[in-house]
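Participant: target.csv is the file, holding CSV, C-alpha atoms:
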```
chain,number,residue,atom,x,y,z
Z,1,MET,CA,129.7,101.2,120.6
Z,2,ASN,CA,131.5,98.5,118.7
Z,3,MET,CA,128.8,96.2,117.4
Z,4,ALA,CA,131.3,93.5,116.6
Z,5,LEU,CA,131.9,93.0,120.4
Z,6,LEU,CA,128.3,92.0,120.9
Z,7,SER,CA,126.7,88.6,120.3
Z,8,LEU,CA,124.5,88.1,117.3
Z,9,LEU,CA,121.3,88.1,119.5
Z,10,GLN,CA,122.4,91.4,121.2
Z,11,GLN,CA,123.0,93.0,117.7
Z,12,LEU,CA,119.5,91.9,116.6
Z,13,ILE,CA,118.0,93.3,119.8
Z,14,ILE,CA,119.6,96.7,119.2
Z,15,VAL,CA,118.4,96.7,115.5
Z,16,LEU,CA,114.8,95.8,116.5
Z,17,ALA,CA,114.9,98.4,119.3
Z,18,ALA,CA,115.9,101.0,116.7
Z,19,ALA,CA,113.0,99.7,114.5
Z,20,VAL,CA,110.7,100.3,117.5
Z,21,MET,CA,111.9,103.9,117.8
Z,22,PHE,CA,111.4,104.3,114.0
Z,23,SER,CA,107.8,103.1,114.4
Z,24,SER,CA,107.3,105.9,116.9
Z,25,PHE,CA,108.2,108.4,114.2
Z,26,VAL,CA,105.9,106.7,111.8
Z,27,LEU,CA,103.1,106.7,114.4
Z,28,LEU,CA,103.7,110.4,115.0
Z,29,GLY,CA,103.6,111.4,111.4
Z,30,GLN,CA,100.5,109.5,110.3
Z,31,VAL,CA,97.6,111.6,109.2
Z,32,ARG,CA,95.0,108.8,109.1
Z,33,LEU,CA,93.8,107.0,112.2
Z,34,VAL,CA,93.7,103.6,110.5
Z,35,ALA,CA,97.3,104.0,109.4
Z,36,ALA,CA,98.3,105.1,112.9
Z,37,ILE,CA,96.7,102.0,114.4
Z,38,HIS,CA,98.6,99.8,111.9
Z,39,ALA,CA,101.8,101.5,112.9
Z,40,PHE,CA,101.0,100.9,116.6
Z,41,ALA,CA,100.3,97.2,115.8
Z,42,TRP,CA,103.8,96.9,114.1
Z,43,GLN,CA,105.4,98.6,117.1
Z,44,GLY,CA,103.7,96.0,119.4
Z,45,PHE,CA,105.0,93.2,117.1
Z,46,LEU,CA,108.6,94.6,117.3
Z,47,VAL,CA,108.4,94.9,121.1
Z,48,ALA,CA,107.3,91.3,121.3
Z,49,MET,CA,110.2,90.2,119.0
Z,50,VAL,CA,112.7,92.1,121.2
Z,51,THR,CA,111.2,90.4,124.3
Z,52,ALA,CA,111.6,86.9,122.7
Z,53,LEU,CA,115.3,87.7,121.7
Z,54,VAL,CA,116.1,88.9,125.2
Z,55,ALA,CA,114.6,85.6,126.5
Z,56,ALA,CA,116.8,83.7,124.2
Z,57,SER,CA,119.9,85.8,124.9
Z,58,ASP,CA,119.7,85.8,128.7
Z,59,GLY,CA,118.0,82.5,129.3
Z,60,HIS,CA,115.0,84.0,131.1
Z,61,GLY,CA,112.2,81.5,130.2
Z,62,HIS,CA,109.3,83.6,131.6
Z,63,LEU,CA,110.1,86.3,129.0
Z,64,TYR,CA,108.8,83.9,126.3
Z,65,PHE,CA,105.4,84.1,127.9
Z,66,SER,CA,105.8,87.9,128.1
Z,67,ALA,CA,106.6,88.0,124.3
Z,68,ILE,CA,103.4,85.9,123.6
Z,69,LEU,CA,101.3,88.2,125.8
Z,70,THR,CA,102.7,91.3,124.2
Z,71,LEU,CA,102.1,89.9,120.7
Z,72,GLY,CA,98.6,88.9,121.4
Z,73,LEU,CA,97.7,92.1,123.4
Z,74,LYS,CA,99.6,94.9,121.7
Z,75,ALA,CA,99.9,93.6,118.1
Z,76,LEU,CA,96.5,91.9,117.7
Z,77,LEU,CA,93.9,92.5,120.4
Z,78,ILE,CA,94.3,96.2,121.1
Z,79,PRO,CA,94.7,97.2,117.4
Z,80,TRP,CA,91.6,95.2,116.6
Z,81,MET,CA,89.7,96.9,119.4
Z,82,LEU,CA,90.8,100.3,118.1
Z,83,HIS,CA,89.8,99.4,114.6
Z,84,ARG,CA,86.4,98.3,115.8
Z,85,GLN,CA,85.9,101.6,117.7
Z,86,VAL,CA,87.1,103.7,114.8
Z,87,ARG,CA,84.6,102.0,112.5
Z,88,ARG,CA,81.7,102.4,114.9
Z,89,LEU,CA,82.6,106.0,115.4
Z,90,GLU,CA,82.8,106.5,111.6
Z,91,LEU,CA,86.4,107.7,111.9
Z,92,ASP,CA,87.9,105.2,109.5
Z,93,ARG,CA,88.4,108.0,106.9
Z,94,HIS,CA,89.4,110.6,109.4
Z,95,ARG,CA,92.5,112.6,108.6
Z,96,GLU,CA,94.4,114.9,111.0
Z,97,SER,CA,97.4,116.7,109.6
Z,98,LEU,CA,100.0,118.2,112.0
Z,99,SER,CA,100.0,122.0,112.0
Z,100,HIS,CA,103.8,122.2,111.7
Z,101,PRO,CA,105.0,118.7,110.8
Z,102,ALA,CA,108.6,119.7,110.2
Z,103,LEU,CA,108.9,121.2,113.7
Z,104,VAL,CA,107.2,118.2,115.2
Z,105,ILE,CA,109.7,115.8,113.6
Z,106,MET,CA,112.6,118.0,114.6
Z,107,ALA,CA,111.3,118.0,118.2
Z,108,ALA,CA,111.1,114.2,118.1
Z,109,LEU,CA,114.7,114.1,116.8
Z,110,GLY,CA,115.7,116.4,119.6
Z,111,LEU,CA,114.1,114.1,122.1
Z,112,VAL,CA,116.1,111.2,120.7
Z,113,ILE,CA,119.3,113.2,121.2
Z,114,PHE,CA,118.3,114.2,124.7
Z,115,SER,CA,117.6,110.6,125.6
Z,116,TYR,CA,121.1,109.5,124.5
Z,117,TRP,CA,122.6,112.5,126.4
Z,118,LEU,CA,120.6,111.6,129.5
Z,119,VAL,CA,122.0,108.0,129.7
Z,120,LEU,CA,125.6,109.0,129.1
Z,121,PRO,CA,126.6,108.0,132.7
Z,122,LEU,CA,126.0,104.4,131.7
Z,123,VAL,CA,128.9,104.7,129.3
Z,124,GLN,CA,131.3,105.5,132.1
Z,125,ALA,CA,130.1,102.3,133.8
Z,126,GLU,CA,130.9,100.3,130.7
Z,127,MET,CA,127.3,99.5,130.0
Z,128,GLN,CA,127.1,100.5,126.3
Z,129,PHE,CA,124.6,97.8,125.4
Z,130,THR,CA,122.2,98.8,128.2
Z,131,ARG,CA,122.8,102.5,127.4
Z,132,ASN,CA,121.5,102.0,123.8
Z,133,ILE,CA,118.4,100.1,124.9
Z,134,VAL,CA,117.5,102.5,127.7
Z,135,ALA,CA,118.1,105.5,125.4
Z,136,VAL,CA,115.8,104.1,122.7
Z,137,SER,CA,113.2,103.2,125.3
Z,138,LEU,CA,113.3,106.7,126.8
Z,139,ALA,CA,113.0,108.2,123.2
Z,140,VAL,CA,109.9,106.0,122.5
Z,141,VAL,CA,108.3,107.2,125.8
Z,142,LEU,CA,109.1,110.9,125.0
Z,143,ILE,CA,107.9,110.7,121.4
Z,144,GLY,CA,104.6,109.1,122.7
Z,145,LEU,CA,104.3,112.0,125.1
Z,146,LEU,CA,104.9,114.4,122.2
Z,147,MET,CA,102.2,112.7,120.2
Z,148,MET,CA,99.7,113.2,123.1
Z,149,VAL,CA,100.6,116.9,123.1
Z,150,VAL,CA,100.5,117.7,119.4
Z,151,ARG,CA,97.5,115.6,118.4
Z,152,THR,CA,94.0,116.9,118.9
Z,153,GLN,CA,92.1,113.7,118.2
Z,154,ALA,CA,91.3,111.7,121.3
Z,155,VAL,CA,92.0,108.3,119.6
Z,156,ALA,CA,95.4,109.5,118.4
Z,157,GLN,CA,96.2,110.6,121.9
Z,158,VAL,CA,95.4,107.2,123.2
Z,159,LEU,CA,97.8,105.7,120.7
Z,160,GLY,CA,100.5,108.0,122.0
Z,161,PHE,CA,99.7,106.8,125.5
Z,162,MET,CA,100.0,103.2,124.5
Z,163,SER,CA,103.2,103.9,122.7
Z,164,MET,CA,104.6,105.3,125.9
Z,165,GLU,CA,103.7,102.1,127.6
Z,166,ASN,CA,105.5,100.2,124.9
Z,167,GLY,CA,108.7,102.2,125.6
Z,168,LEU,CA,108.4,101.5,129.3
Z,169,PHE,CA,107.9,97.8,128.7
Z,170,LEU,CA,110.9,97.8,126.3
Z,171,ALA,CA,113.1,99.3,129.0
Z,172,ALA,CA,111.9,96.9,131.7
Z,173,VAL,CA,112.5,93.8,129.4
Z,174,SER,CA,115.8,94.8,127.8
Z,175,ALA,CA,117.6,96.6,130.5
Z,176,THR,CA,116.5,94.6,133.6
Z,177,ALA,CA,115.7,91.2,132.1
Z,178,GLY,CA,112.0,91.7,132.6
Z,179,MET,CA,109.6,92.3,135.5
Z,180,PRO,CA,108.2,89.5,137.7
Z,181,LEU,CA,105.6,87.5,135.8
Z,182,VAL,CA,102.8,88.5,138.2
Z,183,VAL,CA,103.6,92.2,137.7
Z,184,GLU,CA,103.6,91.8,133.9
Z,185,LEU,CA,100.2,90.1,134.1
Z,186,GLY,CA,98.9,92.9,136.2
Z,187,VAL,CA,100.2,95.5,133.8
Z,188,ALA,CA,98.7,93.7,130.8
Z,189,PHE,CA,95.3,93.5,132.6
Z,190,ASP,CA,95.5,97.2,133.5
Z,191,VAL,CA,96.2,98.1,129.8
Z,192,LEU,CA,93.3,96.0,128.6
Z,193,VAL,CA,90.9,97.5,131.1
Z,194,ALA,CA,92.2,101.0,130.1
Z,195,MET,CA,91.3,100.2,126.5
Z,196,VAL,CA,87.8,99.2,127.4
Z,197,LEU,CA,87.3,102.4,129.5
Z,198,PHE,CA,88.7,104.5,126.6
Z,199,GLY,CA,86.2,102.9,124.3
Z,200,VAL,CA,83.3,103.7,126.6
Z,201,PHE,CA,84.5,107.3,127.0
Z,202,PHE,CA,84.9,107.7,123.2
Z,203,PHE,CA,81.3,106.8,122.6
Z,204,GLN,CA,80.0,108.9,125.5
Z,205,ILE,CA,81.9,112.0,124.3
Z,206,ARG,CA,80.8,111.4,120.7
Z,207,GLU,CA,77.2,111.2,121.8
Z,208,SER,CA,77.5,114.4,123.8
Z,209,ILE,CA,79.3,116.7,121.4
Z,210,ASP,CA,79.5,114.7,118.2
Z,211,SER,CA,83.3,115.0,118.0
Z,212,LEU,CA,86.4,113.6,119.6
Z,213,ASP,CA,88.5,116.7,118.8
Z,214,VAL,CA,90.2,117.8,122.1
Z,215,ASP,CA,90.4,121.4,121.0
Z,216,ARG,CA,86.6,121.5,120.5
Z,217,MET,CA,86.2,120.0,124.0
Z,218,ASN,CA,88.4,122.8,125.4
Z,219,ARG,CA,86.4,125.5,123.6
Z,220,LEU,CA,83.2,124.0,125.1
Z,221,THR,CA,84.8,124.0,128.6
Z,222,GLU,CA,85.9,127.7,128.2
Z,223,ARG,CA,82.4,128.7,127.0
Z,224,THR,CA,80.8,126.9,129.9
Z,225,GLY,CA,83.2,128.6,132.4
Z,226,ASP,CA,82.3,132.0,130.9
Z,227,GLU,CA,78.6,131.6,131.5
Z,228,PRO,CA,77.1,133.4,134.6
```
For this file, write the structure as structure tokens.

Facilitator:
Amino acid sequence: MNMALLSLLQQLIIVLAAAVMFSSFVLLGQVRLVAAIHAFAWQGFLVAMVTALVAASDGHGHLYFSAILTLGLKALLIPWMLHRQVRRLELDRHRESLSHPALVIMAALGLVIFSYWLVLPLVQAEMQFTRNIVAVSLAVVLIGLLMMVVRTQAVAQVLGFMSMENGLFLAAVSATAGMPLVVELGVAFDVLVAMVLFGVFFFQIRESIDSLDVDRMNRLTERTGDEP
């Protein structure tokens, strides 16, 4: 795609969307929960900036409210809630290294290539700008899913789930000029409720088995199933 044919705002949108995808790699590669939460907060900030630029570029005023909502919820409130939960669970010094980090990063790069290949039909329809945004959004979703698969810590898996939601929101805002405001409010409320429920489950699980390691939970399930 020839960037010179795009407006300045469209070029900034693509650059910030690429930064969102880069933040997914940062989030995937973090070994400390606190650093991963910081990466998620920056990702939420970048998504909010993309939303504001789309509003300025396309003239959709309701997207300014979406940008403010995204900034307050995903860049400030949810990271603050996760920080608070991590401190209360005494996981602020927790470290979780990937078993095969090089293979995981290569898999993430493969997902980016797959995302661009999947949206190639949009090129034939002369929708290069939309193609790049949709490809980046799909890559963010798939990398978030990969994070949920390779991570064994429940809090890290929640971050992967929230990153997937960021990717879906980025696609909805950039490729379709945003969802109706009522739908966006409903989604934001659902995400906030999900975070509260996740927090409750974290404390219940920690009190039950003194760990949030998913592999340990699976081993306990297997032992329970083997009992007569």

Participant: Using all atoms listed in the file for the distances, tell me which of Z:Leu98, Z:Val20, Z:Leu77, Z:Val15 is nearest to Z:Ala156.

Facilitator: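 Comparing Z:Leu98, Z:Val20, Z:Leu77, Z:Val15 against Z:Ala156, the winner is Z:Leu98.
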
Participant: For a test of reading the model, state the distance in Å between atom CA of Z:Asn132 and atom CA of Z:Gly144, rounded to one decimal.

Facilitator: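 Pair atom CA of Z:Asn132 / atom CA of Z:Gly144 returns 18.4 Å.
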
Participant: Might you pull out every residue within 9 Å of Z:Ala175, with all atoms listed in the file counted and same-chain residues fewer than 6 positions away left off, and present them as a list in words?

Facilitator: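 Near Z:Ala175, the qualifying residues are Phe129, Thr130, Arg131, Ile133 and Val134 of chain Z.
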
Participant: For stretch 58-70 of chain Z, work out the shell of residues within 6 Å, counting only C-alpha atoms and skipping chain neighbours fewer than 5 positions away, then give it as an MDAnalysis selection string.

Facilitator: chainID Z and resid 48 51:52

Participant: Rounded to one decimal, what separation in Å do you get between atom CA of Z:Leu91 and atom CA of Z:Ala154?

Facilitator: 11.3 Å

Participant: Here's a test: counting only C-alpha atoms, identify every protein, DNA and RNA residue with an atom at most 7 Å from (110.7, 111.1, 121.0) in the file's coordinate frame, and state them as number ranges by chain.

Facilitator: Z: 108-109, 111-112, 139-144, 146

Participant: Would you output that residue set with C-alpha atoms, as a PDB file, keeping the file's coordinate frame?

Facilitator:
```pdb
ATOM      1  CA  ALA Z 108     111.100 114.200 118.100  1.00  0.00           C
ATOM      2  CA  LEU Z 109     114.700 114.100 116.800  1.00  0.00           C
ATOM      3  CA  LEU Z 111     114.100 114.100 122.100  1.00  0.00           C
ATOM      4  CA  VAL Z 112     116.100 111.200 120.700  1.00  0.00           C
ATOM      5  CA  ALA Z 139     113.000 108.200 123.200  1.00  0.00           C
ATOM      6  CA  VAL Z 140     109.900 106.000 122.500  1.00  0.00           C
ATOM      7  CA  VAL Z 141     108.300 107.200 125.800  1.00  0.00           C
ATOM      8  CA  LEU Z 142     109.100 110.900 125.000  1.00  0.00           C
ATOM      9  CA  ILE Z 143     107.900 110.700 121.400  1.00  0.00           C
ATOM     10  CA  GLY Z 144     104.600 109.100 122.700  1.00  0.00           C
ATOM     11  CA  LEU Z 146     104.900 114.400 122.200  1.00  0.00           C
TER      12      LEU Z 146
END
```

Participant: Taking into account all atoms listed in the file, which residue in the set Z:Ala135, Z:Leu170, Z:Leu27, Z:Ala39 is nearest to Z:Pro79?

Facilitator: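 For Z:Pro79, the nearest of the candidates is Z:Ala39.
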
Participant: Could you please determine the separation between atom CA of Z:Ala17 and atom CA of Z:Phe169 in Å, to one decimal place?

Facilitator: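 Those two atoms sit 11.7 Å apart.
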